[in-house]
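A.B. asks: Provided below: input-v6.cif, containing mmCIF, C-alpha atoms.
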data_upload
#
loop_
_atom_site.label_atom_id
_atom_site.label_comp_id
_atom_site.auth_asym_id
_atom_site.auth_seq_id
_atom_site.Cartn_x
_atom_site.Cartn_y
_atom_site.Cartn_z
CA MET L 22 41.33 -45.24 45.08
CA ASP L 23 41.63 -45.38 48.83
CA ALA L 24 44.79 -44.57 50.81
CA ALA L 25 44.39 -47.46 53.26
CA ASP L 26 43.83 -49.96 50.44
CA LEU L 27 46.78 -48.61 48.46
CA ASP L 28 49.01 -48.83 51.50
CA TYR L 29 47.92 -52.37 52.33
CA ARG L 30 48.53 -53.64 48.82
CA ALA L 31 51.89 -51.89 48.53
CA ARG L 32 53.10 -53.24 51.88
CA THR L 33 51.86 -56.80 51.44
CA LEU L 34 52.28 -57.02 47.64
CA SER L 35 48.84 -58.65 47.54
CA GLY L 36 46.17 -57.97 44.97
CA CYS L 37 48.54 -55.86 42.85
CA ILE L 38 51.26 -56.02 40.20
CA PRO L 39 54.56 -55.99 42.15
CA ALA L 40 57.54 -53.90 41.09
CA SER L 41 59.51 -56.91 39.84
CA LEU L 42 56.78 -57.81 37.35
CA VAL L 43 56.34 -54.21 36.26
CA THR L 44 60.02 -54.30 35.36
CA ARG L 45 59.48 -57.57 33.49
CA LEU L 46 56.58 -56.11 31.51
CA LEU L 47 58.73 -53.16 30.46
CA GLU L 48 61.63 -55.44 29.55
CA LEU L 49 59.33 -57.32 27.18
CA GLY L 50 58.03 -54.13 25.60
CA HIS L 51 54.61 -53.91 27.26
CA GLU L 52 54.74 -50.17 27.97
CA ARG L 53 51.12 -49.60 27.03
CA GLU L 54 49.97 -52.19 29.56
CA VAL L 55 52.00 -50.52 32.32
CA GLU L 56 50.58 -47.12 31.34
CA PHE L 57 47.05 -48.53 31.30
CA GLN L 58 47.39 -50.19 34.71
CA ALA L 59 48.95 -47.02 36.16
CA GLY L 60 45.63 -45.32 35.48
CA ARG L 61 43.68 -48.12 37.16
CA GLY L 62 45.17 -47.93 40.66
CA GLU L 63 48.24 -50.13 40.20
CA TRP L 64 50.75 -48.23 42.33
CA PHE L 65 53.94 -49.90 41.15
CA CYS L 66 52.91 -49.40 37.53
CA ALA L 67 52.23 -45.73 38.24
CA LEU L 68 55.55 -45.27 40.02
CA GLU L 69 57.60 -46.90 37.27
CA TRP L 70 55.66 -45.14 34.50
CA ALA L 71 56.22 -41.76 36.16
CA ARG L 72 59.95 -42.48 36.46
CA LEU L 73 60.11 -43.51 32.84
CA LEU L 74 58.37 -40.34 31.69
CA GLY L 75 60.72 -38.30 33.85
CA ASP L 76 63.72 -39.98 32.23
CA ARG L 77 62.26 -38.83 28.90
CA ARG L 78 61.95 -35.27 30.27
CA GLN L 79 58.17 -35.44 30.11
CA TYR L 80 58.02 -34.02 33.61
CA GLU L 81 54.48 -32.73 33.81
CA GLN L 82 53.03 -35.91 32.34
CA ALA L 83 55.01 -37.86 34.93
CA LEU L 84 53.55 -35.80 37.76
CA ASP L 85 50.06 -36.21 36.33
CA VAL L 86 50.42 -39.99 36.65
CA LEU L 87 50.86 -39.67 40.41
CA ASN L 88 48.16 -37.04 41.01
CA PRO L 89 45.24 -39.46 41.61
CA TYR L 90 47.30 -41.33 44.19
CA ILE L 91 48.35 -38.14 45.97
CA ALA L 92 44.72 -37.01 46.02
CA THR L 93 43.92 -39.88 48.40
CA GLY L 94 46.21 -38.33 51.01
CA TRP L 95 48.59 -41.30 50.87
CA TRP L 96 52.06 -40.17 52.01
CA ARG L 97 53.94 -42.76 49.98
CA ALA L 98 52.64 -41.22 46.75
CA ALA L 99 53.56 -37.72 47.88
CA GLN L 100 57.01 -38.96 48.88
CA ALA L 101 57.51 -40.51 45.44
CA ARG L 102 56.57 -37.21 43.80
CA ALA L 103 58.93 -35.29 46.11
CA GLU L 104 61.79 -37.64 45.25
CA LEU L 105 61.14 -37.20 41.52
CA LEU L 106 61.09 -33.41 41.91
CA LYS L 107 64.33 -33.54 43.87
CA ASP L 108 65.99 -35.69 41.21
CA TRP L 109 64.88 -33.20 38.54
CA GLY L 110 66.51 -30.31 40.39
CA ARG L 111 63.23 -28.92 41.73
CA ALA L 112 64.03 -29.28 45.43
CA GLN L 113 61.96 -26.29 46.55
CA GLU L 114 58.81 -27.85 45.09
CA ALA L 115 59.66 -31.13 46.83
CA ILE L 116 60.03 -29.31 50.14
CA GLU L 117 56.73 -27.47 49.83
CA LEU L 118 54.94 -30.66 48.82
CA SER L 119 56.30 -32.55 51.85
CA ARG L 120 55.87 -29.84 54.49
CA PRO L 121 52.15 -30.38 55.29
CA TYR L 122 52.72 -34.10 55.76
CA ALA L 123 55.68 -33.45 58.08
CA GLN L 124 53.62 -31.02 60.13
CA ALA L 125 51.18 -33.85 60.88
CA GLY L 126 53.91 -35.36 63.05
CA ASP L 127 54.53 -38.84 61.62
CA ARG L 128 58.12 -39.78 62.48
CA LEU L 129 58.85 -41.38 59.09
CA VAL L 130 57.65 -38.30 57.25
CA LEU L 131 59.45 -35.97 59.64
CA GLU L 132 62.72 -37.81 59.12
CA PHE L 133 62.34 -37.70 55.32
CA PHE L 134 61.47 -34.00 55.37
CA ALA L 135 64.36 -33.07 57.67
CA ARG L 136 66.89 -34.89 55.52
CA LEU L 137 65.43 -33.24 52.42
CA LEU L 138 65.89 -29.82 54.02
CA ALA L 139 69.44 -30.62 55.14
CA ARG L 140 70.49 -31.82 51.69
CA HIS L 141 69.39 -28.52 50.19
CA GLY L 142 71.04 -25.98 52.42
CA ARG L 143 68.45 -25.76 55.18
CA ALA L 144 70.09 -27.90 57.85
CA ALA L 145 69.39 -25.41 60.65
CA GLU L 146 65.66 -25.63 59.93
CA ALA L 147 65.87 -29.41 59.84
CA LEU L 148 67.68 -29.42 63.18
CA ALA L 149 64.97 -27.30 64.77
CA LEU L 150 62.30 -29.73 63.55
CA LEU L 151 64.07 -32.79 64.89
CA ARG L 152 65.36 -31.43 68.20
CA PRO L 153 62.09 -31.94 70.16
CA GLY L 154 62.10 -35.63 69.23
CA VAL L 155 65.56 -36.41 70.57
CA ASP L 156 64.16 -39.07 72.93
CA ASP L 157 63.06 -41.18 69.91
CA TRP L 158 65.95 -43.35 68.63
CA PHE L 159 64.82 -42.99 65.01
CA ILE L 160 64.53 -39.20 65.12
CA ALA L 161 67.74 -38.92 67.18
CA ARG L 162 69.67 -40.77 64.50
CA ALA L 163 68.48 -38.29 61.88
CA LEU L 164 69.27 -35.43 64.26
CA VAL L 165 72.90 -36.54 64.52
CA ASP L 166 73.21 -36.77 60.73
CA VAL L 167 71.65 -33.37 60.20
CA ALA L 168 73.82 -31.79 62.91
CA GLU L 169 76.93 -32.38 60.81
CA ALA L 170 75.47 -30.44 57.87
CA ALA L 171 74.27 -27.69 60.24
CA GLY L 172 77.64 -27.39 61.99
CA GLN L 173 75.90 -28.06 65.31
CA ASP L 174 77.67 -31.16 66.54
CA GLU L 175 78.36 -29.72 70.00
CA GLU L 176 74.75 -28.70 70.54
CA VAL L 177 73.49 -32.17 69.66
CA ALA L 178 76.21 -33.77 71.77
CA ALA L 179 74.99 -31.74 74.75
CA LEU L 180 71.43 -32.93 74.14
CA LEU L 181 72.56 -36.56 74.09
CA GLU L 182 74.71 -36.14 77.19
CA THR L 183 71.67 -34.76 79.01
CA ARG L 184 69.63 -37.78 77.97
CA ILE L 185 72.36 -40.15 79.18
CA GLU L 186 72.59 -38.36 82.53
CA ALA L 187 68.81 -38.64 82.87
CA ALA L 188 68.83 -42.42 82.38
CA VAL L 189 67.40 -44.44 85.26
CA PRO L 190 67.68 -48.12 86.22
CA ALA L 191 65.44 -50.32 84.12
CA CYS L 192 64.03 -52.11 87.17
CA ASP L 193 64.13 -52.17 90.97
CA ASP L 194 66.48 -55.14 91.19
CA PRO L 195 69.74 -53.84 92.73
CA ASP L 196 71.70 -56.41 90.72
CA CYS L 197 70.29 -55.15 87.42
CA HIS L 198 72.67 -52.82 85.65
CA ARG L 199 70.44 -52.07 82.67
CA LEU L 200 69.32 -48.52 82.05
CA ARG L 201 66.06 -47.09 80.78
CA LEU L 202 67.63 -44.75 78.25
CA GLU L 203 65.83 -42.49 75.79
CA PRO L 204 66.88 -42.55 73.05
CA SER L 205 68.01 -46.14 73.41
CA ASN L 206 70.93 -45.52 71.01
CA ALA L 207 72.26 -42.44 72.84
CA PHE L 208 75.70 -43.93 73.51
CA ASP L 209 76.13 -44.95 69.86
CA LEU L 210 74.97 -41.56 68.55
CA LEU L 211 77.13 -39.55 70.93
CA ALA L 212 80.08 -41.72 69.94
CA THR L 213 79.38 -40.88 66.29
CA VAL L 214 79.49 -37.16 67.08
CA ARG L 215 82.68 -37.45 69.15
CA GLU L 216 84.40 -39.45 66.42
CA ARG L 217 83.49 -36.73 63.91
CA GLN L 218 85.05 -34.20 66.27
CA GLY L 219 88.26 -36.23 66.44
CA CYS L 220 87.67 -37.40 70.04
CA VAL L 221 88.23 -41.08 69.25
CA ASP L 222 89.14 -42.15 72.81
CA GLU L 223 85.92 -40.64 74.13
CA ALA L 224 83.93 -42.35 71.35
CA ILE L 225 85.49 -45.71 72.28
CA ALA L 226 84.68 -45.19 75.96
CA LEU L 227 81.07 -44.40 75.11
CA LEU L 228 80.66 -47.51 72.98
CA ARG L 229 82.02 -49.66 75.79
CA ARG L 230 79.06 -48.53 77.89
CA ARG L 231 76.42 -49.85 75.48
CA GLU L 232 74.08 -52.65 76.48
CA ILE L 233 73.37 -53.87 72.93
CA THR L 234 76.71 -54.32 71.20
CA SER L 235 75.68 -55.59 67.79
CA LEU L 236 73.13 -54.27 65.32
CA ASN L 237 72.36 -55.71 61.89
CA GLY L 238 75.39 -57.96 62.04
CA ARG L 239 77.87 -55.19 62.83
CA ASP L 240 79.55 -54.02 66.01
CA ALA L 241 80.05 -50.25 66.14
CA LEU L 242 83.00 -50.44 68.56
CA ALA L 243 84.81 -52.99 66.41
CA ASP L 244 84.22 -50.94 63.28
CA LEU L 245 85.44 -47.79 65.03
CA LEU L 246 88.64 -49.47 66.15
CA ALA L 247 89.13 -50.82 62.62
CA ARG L 248 88.60 -47.40 61.00
CA HIS L 249 91.31 -45.89 63.16
CA GLY L 250 93.81 -48.71 62.75
CA ARG L 251 93.78 -49.66 66.43
CA ILE L 252 94.47 -53.28 65.64
CA GLU L 253 95.76 -54.47 68.99
CA GLU L 254 92.72 -53.07 70.78
CA LEU L 255 90.54 -54.69 68.17
CA ARG L 256 92.29 -58.03 68.70
CA ALA L 257 91.66 -57.78 72.42
CA TYR L 258 88.02 -56.94 71.84
CA THR L 259 87.70 -59.88 69.44
CA ASP L 260 88.73 -62.24 72.25
CA SER L 261 85.86 -61.10 74.47
CA GLU L 262 83.11 -60.31 71.91
CA TYR L 263 80.57 -63.13 71.65
CA HIS L 264 78.92 -62.80 68.24
CA GLY L 265 81.99 -62.84 65.99
CA HIS L 266 81.29 -59.37 64.61
CA ALA L 267 84.55 -58.00 66.04
CA ALA L 268 86.39 -60.92 64.43
CA GLN L 269 84.75 -59.98 61.12
CA SER L 270 85.90 -56.35 61.43
CA LEU L 271 89.45 -57.45 62.22
CA ALA L 272 89.55 -59.97 59.37
CA GLU L 273 88.25 -57.35 56.93
CA VAL L 274 91.00 -54.91 57.92
CA LEU L 275 93.71 -57.53 57.58
CA GLU L 276 92.40 -58.72 54.21
CA ALA L 277 92.27 -55.14 52.94
CA ARG L 278 95.93 -54.78 53.96
CA GLY L 279 96.85 -57.87 51.96
CA ASP L 280 97.29 -60.10 55.00
CA GLU L 281 95.21 -63.02 53.77
CA GLU L 282 96.70 -65.52 56.19
CA GLY L 283 96.16 -63.19 59.13
CA ALA L 284 92.50 -62.76 58.23
CA ILE L 285 92.02 -66.51 57.92
CA ALA L 286 93.72 -67.04 61.27
CA VAL L 287 91.32 -64.60 62.96
CA TYR L 288 88.32 -66.62 61.83
CA ARG L 289 89.92 -69.98 62.60
CA THR L 290 90.80 -68.83 66.12
CA PHE L 291 87.26 -67.60 66.78
CA ALA L 292 85.86 -70.83 65.28
CA GLU L 293 87.58 -72.80 68.05
CA LYS L 294 85.20 -71.30 70.61
CA PRO L 295 82.21 -73.51 71.51
CA HIS L 296 79.83 -71.40 69.43
CA GLY L 297 82.46 -69.95 67.10
CA MET L 298 82.18 -72.03 63.94
CA GLY L 299 78.47 -71.36 63.67
CA SER L 300 79.12 -67.62 63.92
CA VAL L 301 82.03 -67.21 61.48
CA GLY L 302 82.18 -70.39 59.42
CA HIS L 303 80.35 -68.88 56.46
CA LEU L 304 82.55 -65.75 56.61
CA LEU L 305 85.70 -67.88 56.61
CA ALA L 306 84.41 -69.87 53.63
CA GLN L 307 83.66 -66.69 51.69
CA LEU L 308 87.15 -65.36 52.44
CA LEU L 309 88.76 -68.58 51.23
CA VAL L 310 86.69 -68.54 48.03
CA ARG L 311 87.71 -64.93 47.33
CA HIS L 312 91.34 -66.07 47.39
CA GLY L 313 90.87 -69.09 45.16
CA ARG L 314 90.92 -71.66 47.96
CA SER L 315 87.61 -73.34 47.21
CA ASN L 316 88.65 -76.78 48.49
CA GLU L 317 89.40 -75.31 51.92
CA ALA L 318 86.14 -73.36 51.83
CA ILE L 319 84.18 -76.54 51.11
CA ALA L 320 85.97 -78.29 53.98
CA VAL L 321 84.96 -75.50 56.35
CA VAL L 322 81.28 -75.64 55.39
CA ARG L 323 81.38 -79.44 55.43
CA ALA L 324 82.67 -79.34 59.01
CA LEU L 325 79.87 -76.93 59.87
CA ALA L 326 77.27 -79.22 58.29
CA ASP L 327 78.71 -82.28 60.08
CA SER L 328 78.74 -80.57 63.47
CA SER L 329 76.08 -81.21 66.08
CA GLY L 330 72.88 -79.67 64.74
CA GLY L 331 74.64 -78.61 61.57
CA THR L 332 72.41 -80.43 59.12
CA GLU L 333 69.88 -77.65 58.93
CA ASP L 334 68.66 -77.12 55.38
CA CYS L 335 70.32 -73.67 55.15
CA VAL L 336 73.78 -75.08 56.03
CA VAL L 337 73.38 -78.06 53.73
CA ASP L 338 72.19 -75.72 50.97
CA ALA L 339 75.29 -73.55 51.43
CA LEU L 340 77.53 -76.62 51.21
CA CYS L 341 75.82 -77.98 48.10
CA THR L 342 75.80 -74.58 46.41
CA LEU L 343 79.53 -74.22 47.09
CA HIS L 344 80.15 -77.67 45.58
CA ALA L 345 78.10 -76.84 42.49
CA GLU L 346 79.75 -73.46 41.94
CA HIS L 347 83.13 -75.17 41.79
CA GLY L 348 82.25 -78.05 39.46
CA ARG L 349 81.61 -80.62 42.18
CA ALA L 350 77.85 -81.10 41.94
CA GLN L 351 78.20 -84.89 42.00
CA GLU L 352 79.85 -84.66 45.43
CA ALA L 353 76.95 -82.54 46.64
CA LEU L 354 74.52 -85.21 45.46
CA ALA L 355 76.60 -87.87 47.22
CA TYR L 356 76.43 -85.85 50.43
CA LEU L 357 72.64 -85.61 50.15
CA ASP L 358 72.49 -89.37 49.49
CA ALA L 359 74.46 -90.03 52.68
CA LEU L 360 72.27 -87.64 54.64
CA LYS L 361 69.16 -89.36 53.33
CA GLU L 362 70.59 -92.75 54.32
CA ARG L 363 71.25 -91.51 57.86
CA ARG L 364 67.57 -90.56 58.03
CA ASP L 365 66.35 -94.05 57.19
CA GLY L 366 65.88 -93.28 53.52
CA GLU L 367 63.53 -90.37 54.17
CA GLU L 368 64.17 -87.02 52.52
CA GLU L 369 62.18 -83.98 53.60
CA TRP L 370 61.08 -81.57 50.90
CA ASP L 371 63.54 -78.92 52.11
CA PHE L 372 66.43 -81.26 51.25
CA LEU L 373 64.92 -82.58 48.02
CA GLN L 374 64.55 -78.93 46.99
CA ILE L 375 68.34 -78.63 47.33
CA ARG L 376 68.84 -81.81 45.32
CA LEU L 377 66.65 -80.88 42.33
CA PRO L 378 68.80 -78.09 40.75
CA LEU L 379 71.91 -80.19 41.32
CA MET L 380 70.33 -83.04 39.36
CA ALA L 381 69.31 -80.62 36.62
CA GLY L 382 72.86 -79.31 36.43
CA CYS L 383 74.16 -82.86 36.05
CA GLY L 384 71.90 -83.57 33.08
CA LEU L 385 69.24 -85.34 35.12
CA LEU L 386 66.46 -82.83 34.54
CA ASP L 387 63.75 -85.37 33.66
CA GLU L 388 64.68 -87.48 36.69
CA ALA L 389 64.49 -84.38 38.89
CA ILE L 390 60.99 -83.63 37.62
CA GLU L 391 59.87 -87.19 38.35
CA GLN L 392 61.34 -87.13 41.86
CA ALA L 393 59.62 -83.83 42.59
CA ARG L 394 56.26 -85.20 41.41
CA ALA L 395 56.68 -88.44 43.37
CA HIS L 396 57.62 -86.86 46.69
CA PRO L 397 54.89 -87.00 49.38
CA GLU L 398 54.90 -83.19 49.45
CA GLY L 399 55.10 -82.88 45.67
CA GLY L 400 51.50 -81.72 45.37
CA THR L 401 51.78 -78.86 47.86
CA TRP L 402 51.78 -75.17 46.96
CA TYR L 403 55.40 -74.74 47.99
CA ALA L 404 56.56 -77.70 45.92
CA ALA L 405 54.74 -76.28 42.89
CA TRP L 406 57.23 -73.42 42.74
CA SER L 407 60.27 -75.71 42.43
CA LEU L 408 58.52 -78.09 40.06
CA SER L 409 57.48 -75.25 37.79
CA ASP L 410 61.09 -74.04 37.66
CA LEU L 411 62.25 -77.47 36.52
CA LEU L 412 59.51 -77.72 33.90
CA ALA L 413 60.31 -74.25 32.57
CA GLU L 414 64.01 -75.15 32.38
CA ALA L 415 63.01 -78.18 30.33
CA GLY L 416 61.09 -75.91 27.95
CA ARG L 417 57.73 -77.18 29.21
CA THR L 418 56.38 -73.76 30.16
CA GLU L 419 52.72 -74.65 29.66
CA GLU L 420 53.12 -77.53 32.11
CA ALA L 421 54.90 -75.18 34.52
CA VAL L 422 51.90 -72.86 34.35
CA ALA L 423 49.47 -75.75 34.88
CA VAL L 424 51.30 -76.81 38.05
CA LEU L 425 51.15 -73.29 39.46
CA GLU L 426 47.49 -72.89 38.51
CA GLN L 427 46.64 -75.61 41.01
CA HIS L 428 47.60 -73.15 43.79
CA PRO L 429 46.99 -69.70 42.29
CA ALA L 430 46.53 -67.83 45.57
CA SER L 431 49.85 -69.03 47.00
CA ASN L 432 51.97 -68.71 43.86
CA SER L 433 50.45 -65.74 42.07
CA PRO L 434 53.70 -63.79 41.40
CA VAL L 435 55.46 -66.88 39.99
CA LEU L 436 52.44 -67.87 37.96
CA ALA L 437 52.08 -64.33 36.62
CA HIS L 438 55.76 -64.30 35.64
CA ARG L 439 55.29 -67.49 33.64
CA LEU L 440 52.14 -66.12 31.97
CA ILE L 441 53.92 -62.88 31.05
CA ASP L 442 56.72 -64.88 29.45
CA LEU L 443 54.07 -66.72 27.42
CA GLY L 444 52.59 -63.39 26.31
CA ARG L 445 49.37 -63.96 28.29
CA ILE L 446 49.39 -60.49 29.82
CA ASN L 447 45.67 -60.25 30.60
CA ASP L 448 45.74 -63.61 32.39
CA ALA L 449 48.81 -62.55 34.38
CA VAL L 450 47.16 -59.31 35.51
CA ARG L 451 43.98 -61.16 36.44
CA VAL L 452 45.95 -63.58 38.64
CA LEU L 453 47.79 -60.77 40.41
CA GLN L 454 44.71 -58.66 41.01
CA ASN L 455 42.66 -61.55 42.33
CA ARG L 456 42.07 -61.07 46.05
CA PRO L 457 40.36 -64.21 47.33
CA SER L 458 37.78 -63.48 49.98
CA ALA L 459 38.74 -65.20 53.19
CA GLU L 460 36.38 -66.04 55.99
CA PRO L 461 36.90 -63.69 58.94
CA ALA L 462 39.27 -65.25 61.44
CA ASP L 463 37.82 -66.30 64.75
CA ASP L 464 38.67 -64.03 67.65
CA PRO L 465 41.05 -66.16 69.78
CA TRP L 466 40.18 -64.14 72.88
CA ALA L 467 36.47 -64.80 72.51
CA ARG L 468 36.86 -68.50 73.29
CA THR L 469 37.03 -70.26 76.60
CA TYR L 470 40.46 -71.55 77.51
CA SER L 471 41.80 -74.59 79.25
CA ASN L 472 45.02 -75.44 81.00
CA GLU L 473 44.63 -79.09 80.02
CA PRO L 474 45.86 -80.37 76.66
CA PRO L 475 44.96 -79.79 73.93
CA PHE L 476 45.31 -76.12 74.84
#
Could you write out this structure as structure tokens?
C.D. replies:
Amino acid sequence: MDAADLDYRARTLSGCIPASLVTRLLELGHEREVEFQAGRGEWFCALEWARLLGDRRQYEQALDVLNPYIATGWWRAAQARAELLKDWGRAQEAIELSRPYAQAGDRLVLEFFARLLARHGRAAEALALLRPGVDDWFIARALVDVAEAAGQDEEVAALLETRIEAAVPACDDPDCHRLRLEPSNAFDLLATVRERQGCVDEAIALLRRREITSLNGRDALADLLARHGRIEELRAYTDSEYHGHAAQSLAEVLEARGDEEGAIAVYRTFAEKPHGMGSVGHLLAQLLVRHGRSNEAIAVVRALADSSGGTEDCVVDALCTLHAEHGRAQEALAYLDALKERRDGEEEWDFLQIRLPLMAGCGLLDEAIEQARAHPEGGTWYAAWSLSDLLAEAGRTEEAVAVLEQHPASNSPVLAHRLIDLGRINDAVRVLQNRPSAEPADDPWARTYSNEPPF
């Protein structure tokens, strides 16, 4: 085994048995196959087999499974062993195992090691390890978390304040108000510390100074205002916030308080903005469904689909799924028929793919299969996935496998799943482990270029 090869296969899920299919093998009672493949370099098999042995209190055997992987120097294997040791109450062994990797300086390993120390009574040591990396947003985030366990909030706050004071303009343009700030999340992290200390007004003021207001679909200022019941301030912020994330925070608070109508009104008000419906329409629909108002939810998504540019496949899919979930699949099919008519009788595969399960649910499974086969894109690798699902639902698993076998490189996990269900374990493993040799890609920079089309 080679660390680089293991890492590549684990990251890309190529040329290996993925975790989902390891789980499937175990569900069907193929423990011996998982054990066998664990000894042949299949990382996800090894990981799951080690966990299973640990659950059976066969701790040393579990660790032995991982030893060949750790011997390559691959951190992910060492991390898995450390996590198992921690779960078994052997935290000191986990710490000693991880320490040499952390000393090498990789930020991911350092963060893991520091959190491991902090969780087991050594927060001061963790703080000392992380402190030099305060200018890195990732390390700084861990530093703030560890500071709470170490009782060193004020020290970390001082570090962050120093970094904020050291920020410089991002460019020479006098009209540019952006800052070159390291760490880039200093305002957010300092606000977290101040909120922990009970200085909510200061935390709010800090978050108002951020340049990036939303992260992963949440707005930290809106969530802070919501946590502290500052509803009127949150309402005011909702009026000015562009993405709809403040509206979401406000609606969630009101719903939690039993004010269903108030929550709905928040979303409807935001939806009246030029960009508003696209931002909160799906949230409003979900809220209406939660309160048994499916007809209104469907109307909301229908309005979104009928809006300018709304007939993207993801919006149409959401509308059709909502119809089907509430016993109105025929209406979904009628909508797709109308959409097809508006497009001169043409139906792209993305929209036919929405139609097929609706037809199957309405008792038109054979017709769905025929439409899938007859479509101009019906012979492509991506269509094979949907067609195989229909064939399997019809009990024609061998045909489903045959369809996928026409494009084995593109559909290997799906094909392997079907083969496993048929009991063809060796064939499934062979498909997954096949790594087709590709011709080396041409170096795009080695060619001459032209500013005349074609470029």
A.B. asks: If the PyMOL selection byres ((chain L and resi 197-210) around 8) were run on this exact file, what residues would it hold? Put them as an NGL selection string.
C.D. replies: :L and (155-158 or 161-162 or 165 or 181 or 184-185 or 187-196 or 211-214 or 227-228 or 230-232 or 241)
A.B. asks: CA of Gly110 in chain L and CA of Asp85 in chain L, how far apart in Å?
C.D. replies: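 Taking CA of Asp85 in chain L as the start and CA of Gly110 in chain L as the end point, the length is 17.9 Å.
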A.B. asks: What are the closest atom pairs, with distances in Å to one decimal, for all residues of range 71-102 of chain L lying within 9 Å of range 50-66 of chain L? Consider all atoms listed in the file, order rows by chain and residue number, and present the result as a Markdown table.
C.D. replies:
| residue | atom | partner | partner_atom | distance |
| --- | --- | --- | --- | --- |
| L:Ala71 | CA | L:Cys66 | CA | 8.4 |
| L:Val86 | CA | L:Ala59 | CA | 7.2 |
| L:Leu87 | CA | L:Ala59 | CA | 8.7 |
| L:Pro89 | CA | L:Gly60 | CA | 8.5 |
| L:Tyr90 | CA | L:Gly62 | CA | 7.8 |
| L:Ala98 | CA | L:Trp64 | CA | 8.5 |
A.B. asks: Counting only C-alpha atoms, which of L:Glu333, L:Gln124, L:Gly172, L:Ile233 gets nearest to Leu150 in chain L?
C.D. replies: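 For Leu150 in chain L, the nearest of the candidates is L:Gln124.
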A.B. asks: Quick one: 6 Å padding each side, axis-aligned, all listed atoms of range 351-361 of chain L - centre and edge lengths in Å to one decimal, as AutoDock Vina command-line options?
C.D. replies:
--center_x 74.5 --center_y -86.3 --center_z 48.3 --size_x 22.7 --size_y 19.5 --size_z 24.6
